[in-house]
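Comments concern the structure below.
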Amino acid sequence: MAFSADTKRELAHVPLKRACCRRAELAALARFAGSIGYSRQGMTLSFATDYADVAQRVISTLRAAYRAEAQLHSVRRDKLKKNERYIVTVSGEKVRPLLEDIGVVGRDAAGEAFLEGGIRPDLIEKPCCRFAYARGAFMASGSVTDPQKAYHLEIVSGNDALAQDLRAHLAAAGLNVHAVVRKGNTVIYLKEAEHICELLGQMGAHSAMLHMESTRVLKGVRNRINRSVNCDTANIEKTSNAAAKQIRSIELIEKYGDFRALPLPVRQVAELRLEHPEASLQDLSDMLPGVSRSGVNHRLRSLVDIAAKLQLEREDLP
């Protein structure tokens, strides 16, 4: 969770230079981590988060974009745990126009208010706003696995239409985003490292992106080394087994056959194999000027065939 927490804290400090992006990010925070209620001051909009940086981000955005002052308080999530839950609440006459502006509440032709289902299109018309919205959604209910363990980034929502809209908009940006229902919630997620890095970078989490990129490169190098070592080990085992079979064949021919009757080139290879049991075919080829690796292999296979015929002809052979 440390990598995910660090990523959220980094995102909470991404500069918001455009009003449209500020609005899109706040809209996502409200839709993915917000709730509407009523108090003595009237309608309220509350944001809940586990991160003080994200709570402060909401407060500063409300103040800068809507001149709305919010209240912050914290609650202990569990008596056995030290972590706290931060609640940011804004109330009063500014709440309803705020909810309409950020696409939480809409109005029909008759002027009646209703809760929006998915993402209101005007909030994410621009590419910068699309990723600002994704940033808000991730800070609200997202997580990303430490790349040392696996590649996985997800955003969770209890509103299927909202989650599917976000998935479609990220897919339109070229990201391979999937969706699944888990415990009644819709989870959109990415599994490919390059797509996760792309999303992190577009949202503004450049440190997290660089960490994942460097981890991915190191893991790739490590995997290539492991594959090479495994391949070398397999080749050594294969060579050892073949050499053992060749030596046993030569010993059978010496004991039960006519070793001296073998053609000189075959006998030379047999003698070299007995003298150098651990030598590879190339090593043996290097010891025999003018004889290629395939030539050595052919002669050794002849020895194995001769030994096999001896075993068929004599029942007393092991």
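Lettering and numbering for the structure tokens are positional, with chains as A, B, ... in the shown order, residues counted from 1 in each chain, and ligands counted from 1 in the shown order.
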Practice task
Do a neighbour search on region 145-151 of chain A at 9 Å with only C-alpha atoms, toss out local chain neighbours closer than 2 positions, and write the hits as a list in words.
Solution key: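 My list of contacting residues is Met1, Ala2, Phe3, Ser4, Ser143, Leu153, Glu154, Leu190, Lys191, Glu192, Ala193, Ile196, His211, Met212, Glu213, Thr215, Arg216 and Lys219 of chain A.
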Got time to write the residues from that selection, C-alpha atoms, as a PDB file, in the first residue's frame?
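Final output, part.pdb:
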```pdb
ATOM      1  CA  MET A   1       0.000   0.000   0.000  1.00  0.00           C
ATOM      2  CA  ALA A   2       2.947   2.351   0.466  1.00  0.00           C
ATOM      3  CA  PHE A   3       3.429   2.804  -3.288  1.00  0.00           C
ATOM      4  CA  SER A   4      -0.282   3.481  -3.777  1.00  0.00           C
ATOM      5  CA  SER A 143      -5.046   1.969  -5.880  1.00  0.00           C
ATOM      6  CA  LEU A 153      -4.014  -0.236 -11.151  1.00  0.00           C
ATOM      7  CA  GLU A 154      -7.708   0.021 -10.366  1.00  0.00           C
ATOM      8  CA  LEU A 190      -5.217  -1.902 -16.041  1.00  0.00           C
ATOM      9  CA  LYS A 191      -2.742  -4.803 -16.007  1.00  0.00           C
ATOM     10  CA  GLU A 192      -0.128  -3.844 -18.608  1.00  0.00           C
ATOM     11  CA  ALA A 193       2.854  -1.967 -17.157  1.00  0.00           C
ATOM     12  CA  ILE A 196      -0.249   1.979 -16.173  1.00  0.00           C
ATOM     13  CA  HIS A 211       9.717   4.245 -10.352  1.00  0.00           C
ATOM     14  CA  MET A 212       7.517   1.803 -12.226  1.00  0.00           C
ATOM     15  CA  GLU A 213       9.484   2.232 -15.461  1.00  0.00           C
ATOM     16  CA  THR A 215      11.393  -1.404 -11.882  1.00  0.00           C
ATOM     17  CA  ARG A 216      10.007  -2.789 -15.129  1.00  0.00           C
ATOM     18  CA  LYS A 219      12.691  -6.962 -13.803  1.00  0.00           C
TER      19      LYS A 219
END
```
Practice task
Might you pull out every residue within 12 Å of Arg314 (chain A), with only C-alpha atoms counted and same-chain residues fewer than 6 positions away left off, and present them as a PyMOL selection string?
Solution key: chain A and resi 252+256-257+307-308
Exercise for the section: Kindly give the distance, in Å, that separates CA of Lys183 (chain A) and CA of Ala5 (chain A), rounded to a single decimal. Expected result: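 It comes out at 22.9 Å.
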Practice task
Taking the chain letters and numbering used in this document, name the residues of region 142-302 of chain A that DSSP puts in alpha helix (DSSP H), as a PyMOL selection string.
Solution key: chain A and resi 160-172+193-203+206-256+264-275+281-287+293-302
Handout entry: Near-Val90 (chain A) list (7 Å; only C-alpha atoms; drop same-chain fewer than 2 positions) as a list of chain:residue names
Key = A:Thr44, A:Leu45, A:Ser46, A:Glu69, A:Ala70, A:Gln71, A:Val88, A:Val95
Practice task
Choose the residue, out of A:Lys126, A:Gly136, A:Ser249, A:Glu313, that has the smallest atom-to-atom separation from Val14 (chain A); count only C-alpha atoms.
Solution key: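 Among A:Lys126, A:Gly136, A:Ser249, A:Glu313, it is A:Gly136 that comes nearest to Val14 (chain A).
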Please produce, as CSV, a per-residue contact table for region 108-166 of chain A versus region 47-54 of chain A (criterion: any atom at most 9 Å away, only C-alpha atoms considered), showing the nearest atom pair and its distance in Å to one decimal, sorted by chain then residue number.
```
residue,atom,partner,partner_atom,distance
A:Met139,CA,A:Val54,CA,6.9
A:Ala140,CA,A:Thr49,CA,6.7
A:Ser141,CA,A:Thr49,CA,8.5
```
Practice task
Between A:Leu303, A:Val229, A:His178, A:Asp160, single out the one closest to Asp258 (chain A), counting only C-alpha atoms.
Solution key: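 Residue with the minimum atom-to-atom distance to Asp258 (chain A): A:Leu303.
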Problem - Pick from A:Ser91, A:Asn176, A:Gln268, A:Ser294 nearest to Ile250 (chain A), counting only C-alpha atoms - result: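 When distances to Ile250 (chain A) are compared using only C-alpha atoms, the smallest one comes from A:Gln268.
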Exercise for the section: Fewer than 3 positions away in the same chain doesn't count, so skip those; otherwise give me all residues within 6 Å of Arg293 (chain A), counting only C-alpha atoms, as a PyMOL selection string. Expected result: chain A and resi 281-282+285+296
Handout entry: Residue contacts of region 163-166 of chain A (10 Å, only C-alpha atoms) excluding same-chain residues fewer than 3 positions away, as an NGL selection string
Key = :A and (28 or 32 or 117-121 or 124 or 130-131 or 133-134 or 137 or 155-160 or 169-172 or 177-180 or 185-188)
Exercise for the section: Find the residues around Leu284 (chain A) up to 12 Å (only C-alpha atoms counted), leave out those fewer than 6 positions away in its own chain, and share them as a list in words. Expected result: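 The contact residues come out as Ala243, Gln268, Val269, Ala270, Glu271, Leu272, Arg273, Leu274, Glu275, His276, Pro277, Glu278, Gly290, Val291, Ser292, Arg293, Ser294, Gly295, Val296, Asn297, Arg299 and Leu300 of chain A.
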Dump as an mmCIF file, in the first residue's frame, selection limited to N, CA and C atoms:
```
data_model
loop_
_atom_site.group_PDB
_atom_site.id
_atom_site.type_symbol
_atom_site.label_atom_id
_atom_site.label_comp_id
_atom_site.auth_asym_id
_atom_site.auth_seq_id
_atom_site.Cartn_x
_atom_site.Cartn_y
_atom_site.Cartn_z
ATOM 1 N N ALA A 243 26.890 -37.302 -23.045
ATOM 2 C CA ALA A 243 28.261 -37.795 -22.865
ATOM 3 C C ALA A 243 28.270 -39.092 -22.081
ATOM 4 N N GLN A 268 39.097 -42.608 -33.078
ATOM 5 C CA GLN A 268 39.738 -41.405 -32.539
ATOM 6 C C GLN A 268 38.760 -40.592 -31.669
ATOM 7 N N VAL A 269 37.543 -40.424 -32.153
ATOM 8 C CA VAL A 269 36.530 -39.695 -31.392
ATOM 9 C C VAL A 269 36.193 -40.435 -30.106
ATOM 10 N N ALA A 270 36.128 -41.774 -30.183
ATOM 11 C CA ALA A 270 35.818 -42.574 -28.998
ATOM 12 C C ALA A 270 36.899 -42.402 -27.935
ATOM 13 N N GLU A 271 38.154 -42.423 -28.346
ATOM 14 C CA GLU A 271 39.258 -42.273 -27.395
ATOM 15 C C GLU A 271 39.260 -40.883 -26.762
ATOM 16 N N LEU A 272 38.957 -39.866 -27.585
ATOM 17 C CA LEU A 272 38.887 -38.506 -27.051
ATOM 18 C C LEU A 272 37.745 -38.352 -26.043
ATOM 19 N N ARG A 273 36.611 -38.986 -26.356
ATOM 20 C CA ARG A 273 35.483 -38.895 -25.444
ATOM 21 C C ARG A 273 35.813 -39.522 -24.091
ATOM 22 N N LEU A 274 36.531 -40.664 -24.110
ATOM 23 C CA LEU A 274 36.912 -41.310 -22.848
ATOM 24 C C LEU A 274 37.910 -40.466 -22.067
ATOM 25 N N GLU A 275 38.789 -39.777 -22.793
ATOM 26 C CA GLU A 275 39.785 -38.932 -22.134
ATOM 27 C C GLU A 275 39.174 -37.630 -21.612
ATOM 28 N N HIS A 276 38.116 -37.154 -22.279
ATOM 29 C CA HIS A 276 37.502 -35.862 -21.915
ATOM 30 C C HIS A 276 35.979 -36.046 -21.770
ATOM 31 N N PRO A 277 35.544 -36.673 -20.683
ATOM 32 C CA PRO A 277 34.111 -36.959 -20.519
ATOM 33 C C PRO A 277 33.232 -35.710 -20.404
ATOM 34 N N GLU A 278 33.788 -34.574 -19.985
ATOM 35 C CA GLU A 278 32.978 -33.366 -19.798
ATOM 36 C C GLU A 278 33.045 -32.418 -20.997
ATOM 37 N N GLY A 290 40.199 -30.233 -38.683
ATOM 38 C CA GLY A 290 39.518 -30.622 -39.920
ATOM 39 C C GLY A 290 38.204 -31.330 -39.698
ATOM 40 N N VAL A 291 37.853 -31.598 -38.441
ATOM 41 C CA VAL A 291 36.595 -32.290 -38.167
ATOM 42 C C VAL A 291 35.614 -31.292 -37.536
ATOM 43 N N SER A 292 34.461 -31.142 -38.156
ATOM 44 C CA SER A 292 33.471 -30.182 -37.658
ATOM 45 C C SER A 292 32.716 -30.739 -36.453
ATOM 46 N N ARG A 293 31.970 -29.863 -35.827
ATOM 47 C CA ARG A 293 31.146 -30.272 -34.680
ATOM 48 C C ARG A 293 30.137 -31.340 -35.092
ATOM 49 N N SER A 294 29.515 -31.138 -36.266
ATOM 50 C CA SER A 294 28.535 -32.121 -36.745
ATOM 51 C C SER A 294 29.219 -33.443 -37.088
ATOM 52 N N GLY A 295 30.470 -33.365 -37.553
ATOM 53 C CA GLY A 295 31.215 -34.589 -37.849
ATOM 54 C C GLY A 295 31.483 -35.396 -36.587
ATOM 55 N N VAL A 296 31.851 -34.684 -35.506
ATOM 56 C CA VAL A 296 32.072 -35.346 -34.214
ATOM 57 C C VAL A 296 30.775 -35.994 -33.740
ATOM 58 N N ASN A 297 29.691 -35.243 -33.847
ATOM 59 C CA ASN A 297 28.392 -35.759 -33.403
ATOM 60 C C ASN A 297 27.994 -37.005 -34.186
ATOM 61 N N ARG A 299 29.948 -39.226 -35.585
ATOM 62 C CA ARG A 299 30.769 -40.376 -35.193
ATOM 63 C C ARG A 299 30.350 -40.914 -33.815
ATOM 64 N N LEU A 300 30.004 -40.022 -32.922
ATOM 65 C CA LEU A 300 29.551 -40.455 -31.594
ATOM 66 C C LEU A 300 28.215 -41.177 -31.692
#
```
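Closest approach to Ser39 (chain A) among A:Gly92, A:Pro127, A:Pro15, A:Gly174: A:Gly92, based on only C-alpha atoms.
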Exercise for the section: In Å, rounded to a single decimal, give me how far CA of Ile87 (chain A) is from CA of His73 (chain A). Expected result: 5.4 Å
Problem - In region 87-155 of chain A, DSSP strand (DSSP E) residues written as a ChimeraX atom specification - result: /A:87-91,105-107,113-115,142-144,153-155
Completion exercise
One residue among A:Leu115, A:Lys309, A:Gln41, A:Thr239 is nearest to Ala279 (chain A) when using only C-alpha atoms, and that residue is A:Thr239
